[in-house]
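Scroll down for the structure; my scribbles are underneath it.
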Amino acid sequence: MRVTIFDYGAGNLHSLEKALVLAGATVRAESDPLRCLDTDVLVLPGVGAFGHAATRLAPARSAMAAALEGGLPAIGICLGMQLLFESSDEGAGCGLGVIGGRVERLVATRVPQIGWNTLEEGVDPLLNVAPLSWVYYANSFVTRPARAESVTAWSTHEGDRFPAVVRHARTIGVQFHPEKSSAAGVRFLAAALAECSG
Amino acid sequence: MTLARRIIACLDVAGGRVVKGTGFVDLRDAGDPMELAARYERDGADEIVYLDISAGPEQRATLLELVSRTAEGVFIPLTVGGGIRTCDDVRRALRAGADKVGINSAAVERPSLLTEAADRFGSQCIVASIDAKRRAGGGGWDVWVGGGRRNTGLDAVGWAARCAAAGGGEILLTSIDRDGARTGYDVELTRTVASEVDIPVVASGGAGTAAHVVDVLTQSDADAALVAGILHDGTTSVSAIKRCLAEADVLTRASLV
């Protein structure tokens, strides 16, 4: 299976690449968003800031949105999940908009949320295959979907309940970092890939 | 639900090797930081810190190679500190495979470095690393730099607040008085800083027993405790520390899930 990581040039893709390779994928990092679409599975990684990533995404925004709507399997992680939405308080520019709603700052005293949190009401089928008790978060912003049906698991930081996993077409978005959530997180990523190839 | 309190295993490295020896006889190579990091992950460590105490330019490439190798086999967050002076240093460490980068002396010399790095890479990966020492005869703590060799005269609590305002996403707070002494963390320092800033604070310096970790996490709002020597020499283990924390009703990530 060919997996392509969209490289916005911001940060660490190393662990993510390795976790995907361990799951049996042939992985490449690609900085051209249009060429990213020539793949079996697209991965939007979770590093950097929204404005910068939106700029890098801009030339291929409508093509990528159409590909995801058309059923290209995709996995968005942290910022990569936020890019599935329309816009963000973190920075200017447009996300893909395949899921309705905005990205907003966490309403909490301790921001960024850095550390291990739990999932609530996890009805996502992947959690049956690869259960997650604790997941690692490193984020100041969270998504506010227009429709709650998009959300298949939630987490809460202080008093703010936010989507941990979202779904649309064959796209999975996770706000946490599975590639940093130890062995269980790596198993979750492998299960997500397996679902993409199914 | 609230975040779990974290136990962070810290390794001092120079030229890509662990500097202080370890008491583990079952490691293939007790000097390989990667092997120790993987061991601590299996035992339930929530993060790994590599503190590069050589930080010479010629050894920088070796460190980045080590970071890269570690990121391929260790699937918990990895922070790299020591000798980070520019945005380009931050970029190189992140590209090599670090999740967070600790900035210490360079932030004192040029506080805008924290802001530039946070704007470019996000606050969540910028750790403001502060070495604090109690003022002789008086109250409060000063910020020391250069590996604890030079007093800046800055008030540590005020400096922590400035780091948070400048874009630091986390404070790694080391007590120079307690570092290596194994007499317990400086709880008062940790409590004072953690109540002053809204970003997570990592307590560091002084752990001699698992009970010391319990003390600092029950008597302050620190999010995490950094542990080094007592793990490396086998005095205690991450899982043993987490059992003590559980008995004290401190929430941690259960290991091996």
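Just so we're on the same page: first chain in the structure tokens is A, next is B, and so on; residues restart at 1 for each chain, and ligands are numbered from 1 in the order they show up.
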
Subject >> Who sits within 12 Å of A:Phe6, only C-alpha atoms, same chain under 2 positions skipped, as a ChimeraX atom specification >> reply: /A:3-4,8-11,13,16-17,27-39,41-47,53-54,56-57,60,64,74-77,79-80,83

Residues of chain B within 6 Å of chain A, counting only C-alpha atoms - could you list those as a CSV table (one decimal) with C-alpha atoms, in the first residue's frame?
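The result, written out as out37.csv:
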chain,number,residue,atom,x,y,z
B,1,MET,CA,-11.2,14.0,32.8
B,2,THR,CA,-8.0,15.7,33.5
B,3,LEU,CA,-4.6,15.1,32.0
B,4,ALA,CA,-2.4,12.4,33.6
B,71,ALA,CA,12.3,8.5,16.8
B,72,GLU,CA,12.1,5.3,14.7
B,75,PHE,CA,6.8,6.0,20.2
B,76,ILE,CA,6.4,8.5,23.1
B,77,PRO,CA,7.3,12.2,22.9
B,94,LEU,CA,12.4,18.7,14.9
B,95,ARG,CA,13.3,17.5,11.4
B,97,GLY,CA,12.7,13.5,15.0
B,121,PHE,CA,6.7,25.6,14.9
B,122,GLY,CA,3.9,26.0,17.4
B,124,GLN,CA,3.5,23.0,21.9
B,198,ASP,CA,-0.7,28.7,32.9
B,199,ILE,CA,1.5,26.4,30.8

**OP:** If you run DSSP over the backbone, which residues in stretch 69-176 of chain A end up strand (DSSP E or B)? Put them as a ChimeraX atom specification.
**Re:** /A:74-77,87-88,91,101-105,113-118,120,134-139,141-145,151-157,160-168,171-174

Subject >> Selected residue of minimal separation from A:Val142 among A:Cys78, A:Leu84, A:Leu72, A:Val123, counting only C-alpha atoms >> reply: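 Among A:Cys78, A:Leu84, A:Leu72, A:Val123, it is A:Cys78 that comes nearest to A:Val142.
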
Original post:
Could you pull the residues within 12 Å of B:Gly146, counting only C-alpha atoms, minus those fewer than 4 positions along the same chain, as a list in words?
Top reply: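 Listed by chain and then number, they are Ile53, Ser54, Ala55, Gly82, Gly83, Ile103, Asn104, Ser105, Ala106, Ala107, Val108, Glu109, Ser129, Ile130, Asp131, Ala132, Arg150, Asn151, Thr152 and Ile176 of chain B.
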
Could those selected residues go to a file with C-alpha atoms, as an mmCIF file, in the first residue's frame?
data_model
loop_
_atom_site.group_PDB
_atom_site.id
_atom_site.type_symbol
_atom_site.label_atom_id
_atom_site.label_comp_id
_atom_site.auth_asym_id
_atom_site.auth_seq_id
_atom_site.Cartn_x
_atom_site.Cartn_y
_atom_site.Cartn_z
ATOM 1 C CA ILE B 53 25.745 18.251 27.648
ATOM 2 C CA SER B 54 28.468 18.350 25.013
ATOM 3 C CA ALA B 55 26.600 20.626 22.612
ATOM 4 C CA GLY B 82 21.227 21.626 25.253
ATOM 5 C CA GLY B 83 22.927 24.005 22.867
ATOM 6 C CA ILE B 103 15.730 26.372 24.993
ATOM 7 C CA ASN B 104 17.721 27.633 27.968
ATOM 8 C CA SER B 105 20.593 30.178 27.889
ATOM 9 C CA ALA B 106 19.765 31.445 24.398
ATOM 10 C CA ALA B 107 16.305 32.525 25.580
ATOM 11 C CA VAL B 108 17.849 34.602 28.372
ATOM 12 C CA GLU B 109 20.150 36.310 25.904
ATOM 13 C CA SER B 129 14.212 25.359 30.190
ATOM 14 C CA ILE B 130 15.053 27.239 33.401
ATOM 15 C CA ASP B 131 17.858 26.483 35.865
ATOM 16 C CA ALA B 132 16.992 28.134 39.197
ATOM 17 C CA ARG B 150 26.596 32.189 35.660
ATOM 18 C CA ASN B 151 23.954 34.041 37.673
ATOM 19 C CA THR B 152 21.801 36.220 35.413
ATOM 20 C CA ILE B 176 20.377 23.677 40.750
#

**OP:** Can you check which residues of chain A DSSP gives as helix (DSSP H, G or I) on the backbone and send them as an MDAnalysis selection string?
**Re:** chainID A and resid 14:22 35:37 50:69 79:82 126:129 148:150 178:180 182:197

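For B:Gly158, the list of residues within 10 Å, based on only C-alpha atoms and with local chain neighbours fewer than 3 positions off taken out, reads Trp141, Asp142, Val143, Leu154, Asp155, Ala161, Arg162, Cys163, Val193, Glu196 and Val197 of chain B.
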
B:Met34: which residues within 9 Å, counting only C-alpha atoms, same-chain residues fewer than 2 positions away excluded, as an mmCIF file with all heavy atoms, in the first residue's frame?
data_model
loop_
_atom_site.group_PDB
_atom_site.id
_atom_site.type_symbol
_atom_site.label_atom_id
_atom_site.label_comp_id
_atom_site.auth_asym_id
_atom_site.auth_seq_id
_atom_site.Cartn_x
_atom_site.Cartn_y
_atom_site.Cartn_z
ATOM 1 N N GLY B 31 25.531 2.213 27.109
ATOM 2 C CA GLY B 31 25.849 3.587 26.742
ATOM 3 C C GLY B 31 24.991 4.124 25.618
ATOM 4 O O GLY B 31 25.117 5.273 25.224
ATOM 5 N N ASP B 32 24.101 3.285 25.095
ATOM 6 C CA ASP B 32 23.266 3.715 23.969
ATOM 7 C C ASP B 32 21.955 4.310 24.485
ATOM 8 O O ASP B 32 21.120 3.599 25.030
ATOM 9 C CB ASP B 32 22.974 2.517 23.051
ATOM 10 C CG ASP B 32 22.160 2.933 21.834
ATOM 11 O OD1 ASP B 32 21.902 4.144 21.657
ATOM 12 O OD2 ASP B 32 21.766 2.042 21.058
ATOM 13 N N LEU B 36 18.174 2.630 26.221
ATOM 14 C CA LEU B 36 17.588 3.003 27.512
ATOM 15 C C LEU B 36 16.203 3.624 27.327
ATOM 16 O O LEU B 36 15.268 3.334 28.067
ATOM 17 C CB LEU B 36 18.481 4.024 28.216
ATOM 18 C CG LEU B 36 19.490 3.490 29.218
ATOM 19 C CD1 LEU B 36 20.286 4.659 29.789
ATOM 20 C CD2 LEU B 36 18.792 2.734 30.340
ATOM 21 N N ALA B 37 16.076 4.495 26.324
ATOM 22 C CA ALA B 37 14.794 5.164 26.073
ATOM 23 C C ALA B 37 13.708 4.130 25.790
ATOM 24 O O ALA B 37 12.593 4.212 26.311
ATOM 25 C CB ALA B 37 14.928 6.137 24.908
ATOM 26 N N ALA B 38 14.042 3.130 24.982
ATOM 27 C CA ALA B 38 13.069 2.083 24.657
ATOM 28 C C ALA B 38 12.695 1.297 25.913
ATOM 29 O O ALA B 38 11.536 0.936 26.117
ATOM 30 C CB ALA B 38 13.643 1.159 23.590
ATOM 31 N N ARG B 39 13.684 1.064 26.759
ATOM 32 C CA ARG B 39 13.418 0.345 28.000
ATOM 33 C C ARG B 39 12.455 1.142 28.885
ATOM 34 O O ARG B 39 11.503 0.602 29.452
ATOM 35 C CB ARG B 39 14.754 0.125 28.732
ATOM 36 C CG ARG B 39 14.598 -0.578 30.061
ATOM 37 C CD ARG B 39 15.880 -0.462 30.888
ATOM 38 N NE ARG B 39 15.736 -1.187 32.139
ATOM 39 C CZ ARG B 39 16.234 -2.405 32.335
ATOM 40 N NH1 ARG B 39 16.909 -3.007 31.397
ATOM 41 N NH2 ARG B 39 16.038 -3.004 33.488
ATOM 42 N N LEU B 66 21.312 10.404 16.523
ATOM 43 C CA LEU B 66 20.730 9.644 17.639
ATOM 44 C C LEU B 66 19.226 9.928 17.772
ATOM 45 O O LEU B 66 18.415 9.012 17.975
ATOM 46 C CB LEU B 66 21.455 10.017 18.940
ATOM 47 C CG LEU B 66 20.767 9.573 20.232
ATOM 48 C CD1 LEU B 66 20.775 8.049 20.348
ATOM 49 C CD2 LEU B 66 21.443 10.201 21.453
ATOM 50 N N VAL B 67 18.857 11.202 17.650
ATOM 51 C CA VAL B 67 17.445 11.596 17.737
ATOM 52 C C VAL B 67 16.643 10.872 16.658
ATOM 53 O O VAL B 67 15.566 10.316 16.903
ATOM 54 C CB VAL B 67 17.302 13.126 17.602
ATOM 55 C CG1 VAL B 67 15.849 13.534 17.390
ATOM 56 C CG2 VAL B 67 17.871 13.815 18.838
ATOM 57 N N ARG B 69 17.367 8.100 15.051
ATOM 58 C CA ARG B 69 17.288 6.664 15.329
ATOM 59 C C ARG B 69 16.258 6.392 16.441
ATOM 60 O O ARG B 69 15.488 5.440 16.378
ATOM 61 C CB ARG B 69 18.680 6.196 15.785
ATOM 62 C CG ARG B 69 19.056 4.795 15.415
ATOM 63 C CD ARG B 69 20.580 4.608 15.369
ATOM 64 N NE ARG B 69 21.330 5.218 16.451
ATOM 65 C CZ ARG B 69 21.476 4.683 17.668
ATOM 66 N NH1 ARG B 69 20.925 3.524 17.951
ATOM 67 N NH2 ARG B 69 22.179 5.296 18.604
ATOM 68 N N THR B 70 16.246 7.255 17.443
ATOM 69 C CA THR B 70 15.331 7.065 18.571
ATOM 70 C C THR B 70 13.876 7.208 18.119
ATOM 71 O O THR B 70 13.009 6.420 18.497
ATOM 72 C CB THR B 70 15.636 8.080 19.689
ATOM 73 O OG1 THR B 70 17.003 7.935 20.072
ATOM 74 C CG2 THR B 70 14.735 7.842 20.900
ATOM 75 N N ALA B 71 13.633 8.212 17.280
ATOM 76 C CA ALA B 71 12.261 8.470 16.828
ATOM 77 C C ALA B 71 11.711 7.309 16.007
ATOM 78 O O ALA B 71 10.505 7.169 15.855
ATOM 79 C CB ALA B 71 12.219 9.763 16.011
ATOM 80 N N GLY B 73 12.148 4.191 16.839
ATOM 81 C CA GLY B 73 11.886 3.030 17.670
ATOM 82 C C GLY B 73 11.184 3.331 18.980
ATOM 83 O O GLY B 73 10.784 2.429 19.708
ATOM 84 N N VAL B 74 11.042 4.615 19.292
ATOM 85 C CA VAL B 74 10.420 5.004 20.554
ATOM 86 C C VAL B 74 9.187 5.833 20.214
ATOM 87 O O VAL B 74 9.304 6.865 19.562
ATOM 88 C CB VAL B 74 11.411 5.802 21.430
ATOM 89 C CG1 VAL B 74 10.726 6.389 22.640
ATOM 90 C CG2 VAL B 74 12.572 4.894 21.855
#

Subject >> Near-A:Arg144 list (8 Å; only C-alpha atoms; drop same-chain fewer than 6 positions) as a list in words >> reply: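 Near A:Arg144, the qualifying residues are Gly101, Arg102, Val103, Glu104, Phe162 and Pro163 of chain A.
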
Original post:
For B:Arg17, which residue out of B:Ala165, B:Gln59, B:Lys133, B:Glu41 is the nearest one, using only C-alpha atoms?
Top reply: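 Among B:Ala165, B:Gln59, B:Lys133, B:Glu41, it is B:Gln59 that comes nearest to B:Arg17.
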
Subject >> Pairwise distance for atom CA of A:Gly173 and atom CA of B:Lys100, rounded to one decimal in Å >> reply: 22.5 Å
